[in-house]
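A.B. asks: Supplied structure: work-v2.cif, mmCIF, C-alpha atoms.
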```cif
data_run
loop_
_atom_site.label_atom_id
_atom_site.label_comp_id
_atom_site.auth_asym_id
_atom_site.auth_seq_id
_atom_site.Cartn_x
_atom_site.Cartn_y
_atom_site.Cartn_z
CA MET A 1 0.00 0.00 0.00
CA ARG A 2 1.26 3.48 -0.87
CA ASP A 3 1.93 6.08 1.72
CA SER A 4 -0.08 9.30 1.36
CA SER A 5 3.15 11.32 1.52
CA ASP A 6 4.19 9.77 -1.84
CA ASP A 7 1.31 11.42 -3.70
CA GLY A 8 3.38 14.48 -4.54
CA PRO A 9 1.71 17.82 -5.27
CA GLY A 10 -1.76 16.34 -6.09
CA VAL A 11 -4.44 17.73 -3.79
CA THR A 12 -2.35 20.40 -2.12
CA HIS A 13 -1.15 21.77 -5.43
CA ALA A 14 -4.73 22.14 -6.69
CA HIS A 15 -5.66 24.28 -3.69
CA LEU A 16 -2.67 26.54 -4.23
CA ARG A 17 -3.68 27.20 -7.85
CA THR A 18 -7.37 27.99 -7.15
CA PRO A 19 -6.96 31.70 -6.28
CA ARG A 20 -4.89 32.24 -9.41
CA ALA A 21 -7.46 30.37 -11.52
CA ALA A 22 -10.28 32.47 -10.07
CA ALA A 23 -8.39 35.67 -10.73
CA ILE A 24 -7.56 34.70 -14.31
CA ALA A 25 -11.13 33.59 -15.00
CA GLY A 26 -12.55 36.81 -13.58
CA VAL A 27 -10.22 38.95 -15.67
CA VAL A 28 -10.91 36.92 -18.82
CA PHE A 29 -14.67 37.15 -18.25
CA SER A 30 -14.63 40.88 -17.63
CA ALA A 31 -12.34 41.56 -20.61
CA LEU A 32 -14.44 39.45 -22.97
CA LEU A 33 -17.70 40.98 -21.79
CA PHE A 34 -16.22 44.46 -22.11
CA VAL A 35 -15.16 43.72 -25.71
CA VAL A 36 -18.60 42.26 -26.50
CA PHE A 37 -20.42 45.32 -25.17
CA LEU A 38 -17.93 47.70 -26.80
CA LEU A 39 -18.43 46.09 -30.21
CA MET A 40 -22.19 46.01 -29.78
CA ARG A 41 -22.43 49.64 -28.63
CA HIS A 42 -20.15 50.77 -31.43
CA SER A 43 -22.16 48.97 -34.13
CA VAL A 44 -25.78 48.90 -33.00
CA PRO A 45 -27.53 52.25 -32.43
CA ARG A 46 -29.02 52.91 -29.02
CA ASP A 47 -32.41 53.80 -30.50
CA PRO A 48 -34.72 50.74 -30.50
CA LEU A 49 -36.76 52.35 -33.30
CA GLU A 50 -33.79 52.64 -35.66
CA THR A 51 -34.53 51.39 -39.19
CA GLY A 52 -31.78 48.76 -39.39
CA ALA A 53 -29.03 50.54 -41.29
CA TRP A 54 -26.51 48.99 -38.89
CA LEU A 55 -27.23 45.58 -40.43
CA HIS A 56 -25.40 46.69 -43.58
CA THR A 57 -22.56 48.65 -41.97
CA GLY A 58 -21.86 47.14 -38.53
CA ALA A 59 -22.96 43.52 -38.79
CA THR A 60 -19.38 42.22 -38.93
CA ASN A 61 -18.53 43.71 -35.54
CA VAL A 62 -21.73 42.31 -34.08
CA VAL A 63 -20.96 38.82 -35.42
CA VAL A 64 -17.50 38.98 -33.81
CA ALA A 65 -19.15 40.04 -30.53
CA LEU A 66 -21.68 37.21 -30.76
CA ASN A 67 -18.87 34.70 -31.28
CA LEU A 68 -17.13 35.94 -28.11
CA VAL A 69 -20.23 35.53 -25.91
CA PRO A 70 -19.83 31.74 -25.33
CA PHE A 71 -16.20 32.21 -24.29
CA ALA A 72 -17.24 34.90 -21.83
CA GLY A 73 -19.85 32.49 -20.46
CA ILE A 74 -17.28 29.74 -19.99
CA ALA A 75 -14.96 32.18 -18.20
CA LEU A 76 -17.79 33.24 -15.86
CA LEU A 77 -18.61 29.64 -14.98
CA TRP A 78 -14.91 28.96 -14.42
CA PHE A 79 -14.71 32.02 -12.17
CA VAL A 80 -17.75 30.95 -10.13
CA GLY A 81 -16.46 27.39 -9.83
CA ALA A 82 -12.99 28.49 -8.76
CA LEU A 83 -14.38 30.88 -6.15
CA ARG A 84 -16.76 28.27 -4.77
CA ASP A 85 -13.91 25.78 -4.60
CA LYS A 86 -11.76 28.31 -2.74
CA LEU A 87 -14.47 29.05 -0.19
CA GLY A 88 -15.21 25.35 0.27
CA GLN A 89 -17.01 24.49 3.50
CA ARG A 90 -16.83 28.09 4.73
CA GLU A 91 -19.29 29.21 2.07
CA ASP A 92 -22.75 30.12 3.33
CA GLN A 93 -25.59 28.18 1.67
CA LEU A 94 -27.64 31.30 0.96
CA PHE A 95 -24.65 33.12 -0.53
CA SER A 96 -23.77 30.06 -2.57
CA THR A 97 -27.28 29.76 -3.97
CA VAL A 98 -27.62 33.46 -4.80
CA PHE A 99 -24.11 33.63 -6.30
CA LEU A 100 -24.57 30.61 -8.54
CA GLY A 101 -28.17 31.52 -9.41
CA SER A 102 -27.29 35.07 -10.41
CA ALA A 103 -24.39 33.88 -12.55
CA LEU A 104 -26.61 31.36 -14.34
CA LEU A 105 -29.35 33.95 -14.82
CA LEU A 106 -26.84 36.45 -16.26
CA LEU A 107 -25.58 33.82 -18.68
CA ALA A 108 -29.09 32.79 -19.70
CA MET A 109 -30.07 36.38 -20.45
CA LEU A 110 -26.79 37.07 -22.25
CA PHE A 111 -27.11 33.96 -24.41
CA ALA A 112 -30.79 34.66 -25.16
CA ALA A 113 -30.00 38.26 -26.17
CA ALA A 114 -27.15 37.05 -28.36
CA ALA A 115 -29.49 34.54 -30.01
CA VAL A 116 -32.05 37.26 -30.75
CA VAL A 117 -29.41 39.57 -32.26
CA GLY A 118 -28.01 36.66 -34.26
CA ALA A 119 -31.48 35.83 -35.56
CA ILE A 120 -31.96 39.44 -36.66
CA ILE A 121 -28.68 39.35 -38.60
CA LEU A 122 -29.51 36.02 -40.22
CA ALA A 123 -32.98 37.19 -41.22
CA SER A 124 -31.51 40.40 -42.60
CA HIS A 125 -29.09 38.51 -44.81
CA ALA A 126 -31.76 36.07 -45.98
CA ALA A 127 -34.31 38.69 -47.07
CA PRO A 128 -33.05 42.27 -46.55
CA GLU A 129 -35.82 43.94 -48.53
CA ILE A 130 -38.59 42.17 -46.64
CA LEU A 131 -37.12 42.58 -43.14
CA ALA A 132 -36.40 46.31 -43.42
CA ASN A 133 -39.97 47.49 -42.74
CA SER A 134 -41.43 44.42 -41.08
CA VAL A 135 -42.99 44.25 -37.65
CA THR A 136 -40.86 41.19 -36.93
CA PHE A 137 -37.67 43.26 -37.24
CA TYR A 138 -38.96 45.87 -34.81
CA PHE A 139 -40.09 43.18 -32.40
CA GLY A 140 -36.70 41.43 -32.50
CA ARG A 141 -34.83 44.70 -32.22
CA GLY A 142 -36.95 45.82 -29.27
CA LEU A 143 -36.56 42.45 -27.58
CA ALA A 144 -32.78 42.48 -27.99
CA TYR A 145 -32.65 46.11 -26.83
CA GLY A 146 -34.64 45.32 -23.70
CA MET A 147 -32.68 42.19 -22.87
CA ILE A 148 -29.28 43.82 -23.25
CA ASN A 149 -29.99 47.27 -21.83
CA ILE A 150 -32.44 46.40 -19.07
CA TYR A 151 -31.78 42.85 -17.89
CA VAL A 152 -28.10 42.17 -18.61
#
```
Would you encode the structure as structure tokens?
C.D. replies:
Amino acid sequence: MRDSSDDGPGVTHAHLRTPRAAAIAGVVFSALLFVVFLLMRHSVPRDPLETGAWLHTGATNVVVALNLVPFAGIALLWFVGALRDKLGQREDQLFSTVFLGSALLLLAMLFAAAAVVGAIILASHAAPEILANSVTFYFGRGLAYGMINIYV
């Protein structure tokens, strides 16, 4: 039978790396989310009643932002997991539930808003002349505007 002292850096080494992993994940998440919002704000007008001219001029920036959203989500989950691992048994159950629940809710709203914006871009490329003055475009644009500016 092996002695537990022969295990090397195994368990102890993992606990020493957790604060660094949490810090890196938090920085990666905040940087990616900042870039996503910067690209979106730069390309999509703030007016929810705008006619959709940004679909022809700024859609490339928005597509780049939409492709960064899943990576930001992974970094947030990594950050939450690393922090919860660091706190371990000292973490309060209420705090743990609220922290994890709010992170999951933020990700759900962020992913849903990204899906709506992506659907608007796809519909615009499929039939630009039909979408330009349709009620569906204004509904999607208003929904994405509300999700991003109010709930996220």
A.B. asks: May I ask which of the residues A:Ser43, A:Phe95, A:Phe137, A:Ala82 is the closest one to Ala123 in chain A, counting only C-alpha atoms?
C.D. replies: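 Using only C-alpha atoms, the shortest distance to Ala123 in chain A belongs to A:Phe137.
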A.B. asks: Residue by residue, what does the PyMOL selection byres ((chain A and resi 56-69) around 6) grab here? Present the result as a ChimeraX atom specification.
C.D. replies: /A:36,39-40,43,53-55,70-72,114
A.B. asks: Do a neighbour search on Ile24 in chain A at 10 Å with only C-alpha atoms, toss out local chain neighbours closer than 4 positions, and write the hits as a list in words.
C.D. replies: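 The neighbour list is Thr18, Pro19, Arg20, Val28, Phe29, Ser30, Ala75, Trp78, Phe79 and Ala82 of chain A.
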A.B. asks: May I have the residues from that selection written out with C-alpha atoms, as a PDB file, in the coordinates of the input?
C.D. replies:
```pdb
ATOM      1  CA  THR A  18      -7.370  27.990  -7.150  1.00  0.00           C
ATOM      2  CA  PRO A  19      -6.960  31.700  -6.280  1.00  0.00           C
ATOM      3  CA  ARG A  20      -4.890  32.240  -9.410  1.00  0.00           C
ATOM      4  CA  VAL A  28     -10.910  36.920 -18.820  1.00  0.00           C
ATOM      5  CA  PHE A  29     -14.670  37.150 -18.250  1.00  0.00           C
ATOM      6  CA  SER A  30     -14.630  40.880 -17.630  1.00  0.00           C
ATOM      7  CA  ALA A  75     -14.960  32.180 -18.200  1.00  0.00           C
ATOM      8  CA  TRP A  78     -14.910  28.960 -14.420  1.00  0.00           C
ATOM      9  CA  PHE A  79     -14.710  32.020 -12.170  1.00  0.00           C
ATOM     10  CA  ALA A  82     -12.990  28.490  -8.760  1.00  0.00           C
TER      11      ALA A  82
END
```
A.B. asks: To one decimal place, how far is CA of Val80 in chain A from CA of Ala25 in chain A in Å?
C.D. replies: 8.6 Å
A.B. asks: Any chance you could work out the residue set of the PyMOL selection byres ((chain A and resi 141) around 8) here, as a PyMOL selection string?
C.D. replies: chain A and resi 48-49+117+120+137-140+142-145
A.B. asks: Around all the atoms of range 50-61 of chain A listed in the file, with 4 Å of room on each side, what axis-aligned box do you get, giving centre and edge lengths in Å to one decimal, as lines of an AutoDock Vina configuration file?
C.D. replies:
```
center_x = -26.5
center_y = 47.4
center_z = -39.6
size_x = 24.0
size_y = 18.4
size_z = 16.0
```
A.B. asks: Provide the CA of Leu77 in chain A to CA of Leu33 in chain A distance in Å, to one decimal place.
C.D. replies: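 CA of Leu33 in chain A lies at a distance of 13.3 Å from CA of Leu77 in chain A.
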A.B. asks: From the set A:Leu104, A:Ile74, A:Val44, A:Val135, which residue has the shortest atom-to-atom contact distance to Gly26 in chain A, counting all atoms listed in the file?
C.D. replies: A:Ile74
A.B. asks: Tell me, in Å to one decimal, how far CA of Ala127 in chain A is from CA of Phe37 in chain A.
C.D. replies: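 According to the coordinates, CA of Ala127 in chain A and CA of Phe37 in chain A are separated by 26.8 Å.
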A.B. asks: Using the chain letters and numbering of this document, enumerate as number ranges by chain the residues selected by the PyMOL selection byres ((chain A and resi 110) around 9).
C.D. replies: A: 69, 73, 105-109, 111-115, 147-148, 151-152
A.B. asks: From the set A:Gly81, A:Ala132, A:Arg90, A:Ser96, which residue has the shortest atom-to-atom contact distance to Ala23 in chain A, counting all atoms listed in the file?
C.D. replies: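 Closest to Ala23 in chain A, using all atoms listed in the file: A:Gly81.
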